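Below is one structure, written out as structure tokens; comments come after it.
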Amino acid sequence: MNAIPNQRHLYMGTFEAEAYWRDAQLASLPALPDRASSAIVAAMDELLFSFCQPGDALLTRYAMSPVHRQYIAELGFQPAVNERDLTDGMEQAGGNVSAASVFELLDSLKADGGEDFPQLEGCVLSPFAGLPYVEEAARAWGITLHQPPLETIRKVNAKTYSSDLKRSLGLRNPGHIVTSFADVAEAGRKLLRDGSFLIKDDFGVSGKGNLHITSTQMLDRIVSYLREQERKGKQVLFLLEPFLEKERDFSCQFSIGDDGRVDILSVQWLANTQFAYRESLSPDEAFMERLEREGYFSLMQDVGRQLYQDGYYGDVCIDSMTLRGGKLEPIIEINARKSMSLIKHQLDNFLAAKNMRGTLTNYSLSHDGSLSYEELLEGLKCEGLLFTGEREEGVMPLGANTLYVNTGGRDGENRIVGHPSTPSSNATERGGRSSAKQVRVSGMSADHGGSEENGVAKPGLSGKTEAAGSERARGKGRLYLELVAAGDEEKMRLTTKLERFLAEHHFTVLN
């Protein structure tokens, strides 16, 4: 899905883009920090290999495991990749590595000559989302940009923009935009008369920017929390929406050309957990016919045209849901960027060429990192589970870095001799890895609010104390994979075998 055909494309991005769009002066909702999940999300860019055509380049925050690179090459994906981490330049300069986007990292690396990087000059950038430093990085490396201004991208991704658009289209439940703690108290009490409601951060993401308010006591605590921030000079800006009793989440992916043409690409059913992404599944024909009958796709065209009128073109994902009782809620929010379900669509196209079908899913896992990625793939292969492109079903791992980013990082070619049983004190801040010179990382849940987010789950296990010097410390990782199966029965059988395999190899499933 190249924006400019017949040219080499460069794929890269930071999946939690909302963090870079959000104004630092905005008040925030209470949340527990989860460094392990943040490290996983930072490593999700490996999944972008699914967009790569022959000749394209893929730059990832952490260099792709050679084992994984060989695996996807055998499936037909052979992007040119970086062979060292993008973080290397910032580490040497003493910068804030964990806060930097991939484009800031890429910009900082130009000074050292680009060793171990593919040829980027003339490539057309196709990012996961538009972010700061993209223009600087493009100038430094001779990359061609084909995207709207950053301020436009930021504007159309705000929850308040989605609310205003719903109101202009005459749709139900546009929500209440509030700009002070007093507004939150007043609007919240009105909403509680009819049931519970959601408070949404204007740039909330992956379950971290939503609060489900079910009582006046909860509301009063939040109002007090916001009052204190407002007193310190923070600006209150949230969206309050009635909590909808959903039946099913789904999303629509489309692209807007720079000429304004809107192309509907796919619809995906979503399984979410506590506002966080779990998996994407292909809907049945009856559901697609219902959407056509109820004017859903015509509405998506209208949304695309309005986005274009407001200056945006590129990838779009619309979060939607069906409600208990049968009603359709066509717009929950707008994500003007790539999405997990767009990645699923790319994999659908890959499998369709082989007359196969799959489900994009993930497992949040606690493990000690002792099983290398090479051993993981070999074990899956020995059990008849690994998808190789020749079989009609199997497990297709989509990345290694998200699995090992919090356990030191290891793969078949880059074992760490004498790897310590406990991660170093700065492991999480630096992507959960030992020194960049020691290791190539081998090896989130976006719970995309009824939404199509990136895969950051609620805070969970991020590392436990070593037991009596015999057990390695366990860290949290996430294994993204495509379950390739002909139908539900085959998928269930495959899932059961996979979960048994994980348990036998001392992985604990957290989700």
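In the structure tokens, each chain is lettered A, B, ... as it comes, each chain's residues begin at 1, and ligands are numbered from 1 in order of appearance.
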
| field | Residues of stretch 178-289 of chain A in strand (DSSP E or B), written as a PyMOL selection string | value | chain A and resi 178+197-201+210-213+235+238-242+246-256+262-273+276-281

| message | DSSP on the backbone: which residues in stretch 26-149 of chain A end up as helix (DSSP H, G or I)? Give the answer as number ranges by chain. | response | A: 35-42, 44-51, 66-75, 87-93, 102-112, 134-141

| Test item: residues at most 9 Å from stretch 162-173 of chain A, only C-alpha atoms, excluding those fewer than 2 positions along its chain, as a ChimeraX atom specification | /A:156-160,175-177,239,241-242,299,302-303,306,329-334

Need to verify the contact set: A:Glu121, 12 Å, only C-alpha atoms, exclusion of same-chain residues closer than 5 positions in sequence. Can you return it as a CSV table (one decimal) with all heavy atoms, in the first residue's frame?
chain,number,residue,atom,x,y,z
A,7,GLN,N,8.4,3.5,-6.3
A,7,GLN,CA,9.5,4.1,-5.6
A,7,GLN,C,9.8,3.3,-4.4
A,7,GLN,O,8.9,2.6,-3.8
A,7,GLN,CB,9.3,5.5,-5.2
A,7,GLN,CG,9.5,6.5,-6.4
A,7,GLN,CD,9.5,8.0,-5.9
A,7,GLN,OE1,8.5,8.7,-6.1
A,7,GLN,NE2,10.5,8.4,-5.2
A,8,ARG,N,11.1,3.3,-4.0
A,8,ARG,CA,11.4,2.6,-2.7
A,8,ARG,C,10.8,3.3,-1.6
A,8,ARG,O,10.8,4.6,-1.5
A,8,ARG,CB,12.9,2.5,-2.5
A,8,ARG,CG,13.7,1.6,-3.5
A,8,ARG,CD,15.2,1.7,-3.2
A,8,ARG,NE,15.4,1.1,-1.8
A,8,ARG,CZ,16.2,1.6,-0.9
A,8,ARG,NH1,16.7,2.9,-1.1
A,8,ARG,NH2,16.4,1.0,0.2
A,9,HIS,N,10.2,2.6,-0.7
A,9,HIS,CA,9.6,3.2,0.5
A,9,HIS,C,10.4,2.8,1.8
A,9,HIS,O,11.0,1.7,1.9
A,9,HIS,CB,8.1,2.7,0.7
A,9,HIS,CG,7.2,3.5,-0.3
A,9,HIS,ND1,7.2,3.3,-1.6
A,9,HIS,CD2,6.2,4.4,0.0
A,9,HIS,CE1,6.3,4.1,-2.2
A,9,HIS,NE2,5.7,4.8,-1.2
A,10,LEU,N,10.4,3.7,2.7
A,10,LEU,CA,10.9,3.5,4.0
A,10,LEU,C,9.8,3.5,5.0
A,10,LEU,O,9.0,4.4,5.2
A,10,LEU,CB,11.9,4.7,4.4
A,10,LEU,CG,12.3,4.8,5.9
A,10,LEU,CD1,13.1,3.5,6.3
A,10,LEU,CD2,13.1,6.0,6.1
A,56,ASP,N,12.1,-2.2,-0.5
A,56,ASP,CA,11.8,-1.3,0.5
A,56,ASP,C,12.7,-1.4,1.7
A,56,ASP,O,13.4,-2.4,1.9
A,56,ASP,CB,10.3,-1.5,1.0
A,56,ASP,CG,9.3,-1.0,0.0
A,56,ASP,OD1,9.7,-0.2,-0.9
A,56,ASP,OD2,8.1,-1.4,0.1
A,57,ALA,N,12.8,-0.4,2.5
A,57,ALA,CA,13.6,-0.4,3.7
A,57,ALA,C,12.7,-0.3,5.0
A,57,ALA,O,11.6,0.3,5.0
A,57,ALA,CB,14.6,0.8,3.7
A,114,GLY,N,26.1,6.9,9.2
A,114,GLY,CA,25.1,6.0,8.9
A,114,GLY,C,25.7,4.5,8.7
A,114,GLY,O,25.1,3.8,7.9
A,137,ALA,N,14.9,14.6,10.1
A,137,ALA,CA,15.5,13.4,9.7
A,137,ALA,C,15.4,13.2,8.2
A,137,ALA,O,16.4,12.7,7.6
A,137,ALA,CB,14.7,12.2,10.4
A,138,ALA,N,14.4,13.6,7.6
A,138,ALA,CA,14.3,13.5,6.1
A,138,ALA,C,15.3,14.4,5.4
A,138,ALA,O,16.0,13.9,4.5
A,138,ALA,CB,12.9,14.0,5.7
A,139,ARG,N,15.5,15.6,5.9
A,139,ARG,CA,16.6,16.5,5.3
A,139,ARG,C,17.9,15.9,5.5
A,139,ARG,O,18.8,15.9,4.6
A,139,ARG,CB,16.5,17.9,6.0
A,139,ARG,CG,15.4,18.8,5.4
A,139,ARG,CD,15.7,20.2,5.8
A,139,ARG,NE,15.8,20.4,7.3
A,139,ARG,CZ,14.7,20.7,8.0
A,139,ARG,NH1,13.5,20.9,7.4
A,139,ARG,NH2,14.8,20.9,9.3
A,140,ALA,N,18.2,15.3,6.7
A,140,ALA,CA,19.5,14.8,7.0
A,140,ALA,C,19.9,13.6,6.1
A,140,ALA,O,21.0,13.4,5.7
A,140,ALA,CB,19.6,14.4,8.4
A,141,TRP,N,18.9,12.8,5.8
A,141,TRP,CA,19.1,11.5,5.1
A,141,TRP,C,18.7,11.5,3.6
A,141,TRP,O,18.8,10.5,2.9
A,141,TRP,CB,18.5,10.4,5.8
A,141,TRP,CG,19.1,10.1,7.1
A,141,TRP,CD1,18.8,10.7,8.3
A,141,TRP,CD2,20.1,9.1,7.4
A,141,TRP,NE1,19.6,10.1,9.3
A,141,TRP,CE2,20.4,9.1,8.8
A,141,TRP,CE3,20.7,8.1,6.6
A,141,TRP,CZ2,21.3,8.3,9.4
A,141,TRP,CZ3,21.6,7.3,7.2
A,141,TRP,CH2,21.9,7.4,8.6
A,142,GLY,N,18.1,12.6,3.1
A,142,GLY,CA,17.6,12.7,1.8
A,142,GLY,C,16.4,11.8,1.5
A,142,GLY,O,16.2,11.3,0.4
A,143,ILE,N,15.5,11.7,2.5
A,143,ILE,CA,14.3,11.0,2.4
A,143,ILE,C,13.2,11.9,1.9
A,143,ILE,O,13.1,13.0,2.3
A,143,ILE,CB,13.9,10.4,3.8
A,143,ILE,CG1,15.0,9.5,4.4
A,143,ILE,CG2,12.6,9.7,3.8
A,143,ILE,CD1,14.9,9.2,5.8
A,144,THR,N,12.4,11.3,1.1
A,144,THR,CA,11.2,12.1,0.5
A,144,THR,C,10.0,12.0,1.4
A,144,THR,O,9.6,10.9,1.8
A,144,THR,CB,10.8,11.6,-0.9
A,144,THR,OG1,12.0,11.7,-1.8
A,144,THR,CG2,9.7,12.3,-1.5
A,145,LEU,N,9.4,13.1,1.8
A,145,LEU,CA,8.2,13.2,2.6
A,145,LEU,C,7.0,13.3,1.7
A,145,LEU,O,7.0,14.0,0.8
A,145,LEU,CB,8.3,14.3,3.6
A,145,LEU,CG,9.3,14.3,4.7
A,145,LEU,CD1,9.1,15.5,5.7
A,145,LEU,CD2,9.1,13.0,5.5

| field | A:Thr214 environment, 9 Å, only C-alpha atoms, sequence neighbours closer than 2 positions dropped, as a PyMOL selection string | value | chain A and resi 192+195-198+212+216-219

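Closest approach to A:Ala31 among A:Asp107, A:Glu289, A:Glu186, A:Asp201: A:Asp201, based on only C-alpha atoms.
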
| message | Can you tell me which residues surround A:Ala99 at a distance of at most 10 Å, considering only C-alpha atoms, apart from same-chain residues fewer than 5 positions away, and format the answer as an MDAnalysis selection string? | response | chainID A and resid 19:20 42 104 429

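Summary of the local environment: counting only C-alpha atoms, residues at most 7 Å from A:Asn511, other than itself and those fewer than 2 positions away along its chain, are Tyr363, Ser364 and Val509 of chain A.
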
Include N, CA and C atoms and write out the residues we just selected as a JSON list (two decimals), in the first residue's frame.
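Once written, selection.json looks like this:
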[["chain", "number", "residue", "atom", "x", "y", "z"],
["A", 363, "TYR", "N", 0.18, -12.40, 22.83],
["A", 363, "TYR", "CA", 0.24, -12.96, 24.19],
["A", 363, "TYR", "C", 1.19, -12.11, 25.02],
["A", 364, "SER", "N", 0.67, -11.53, 26.11],
["A", 364, "SER", "CA", 1.55, -10.90, 27.10],
["A", 364, "SER", "C", 2.09, -12.01, 27.98],
["A", 509, "VAL", "N", 1.26, -16.87, 30.70],
["A", 509, "VAL", "CA", 0.39, -15.97, 29.94],
["A", 509, "VAL", "C", -0.29, -14.99, 30.90]]

| field | Which of A:Glu245, A:Glu383, A:Glu392, A:Asp116 sits closest to A:Gly326 [using only C-alpha atoms] | value |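 Selected residue with least distance to A:Gly326: A:Glu245.
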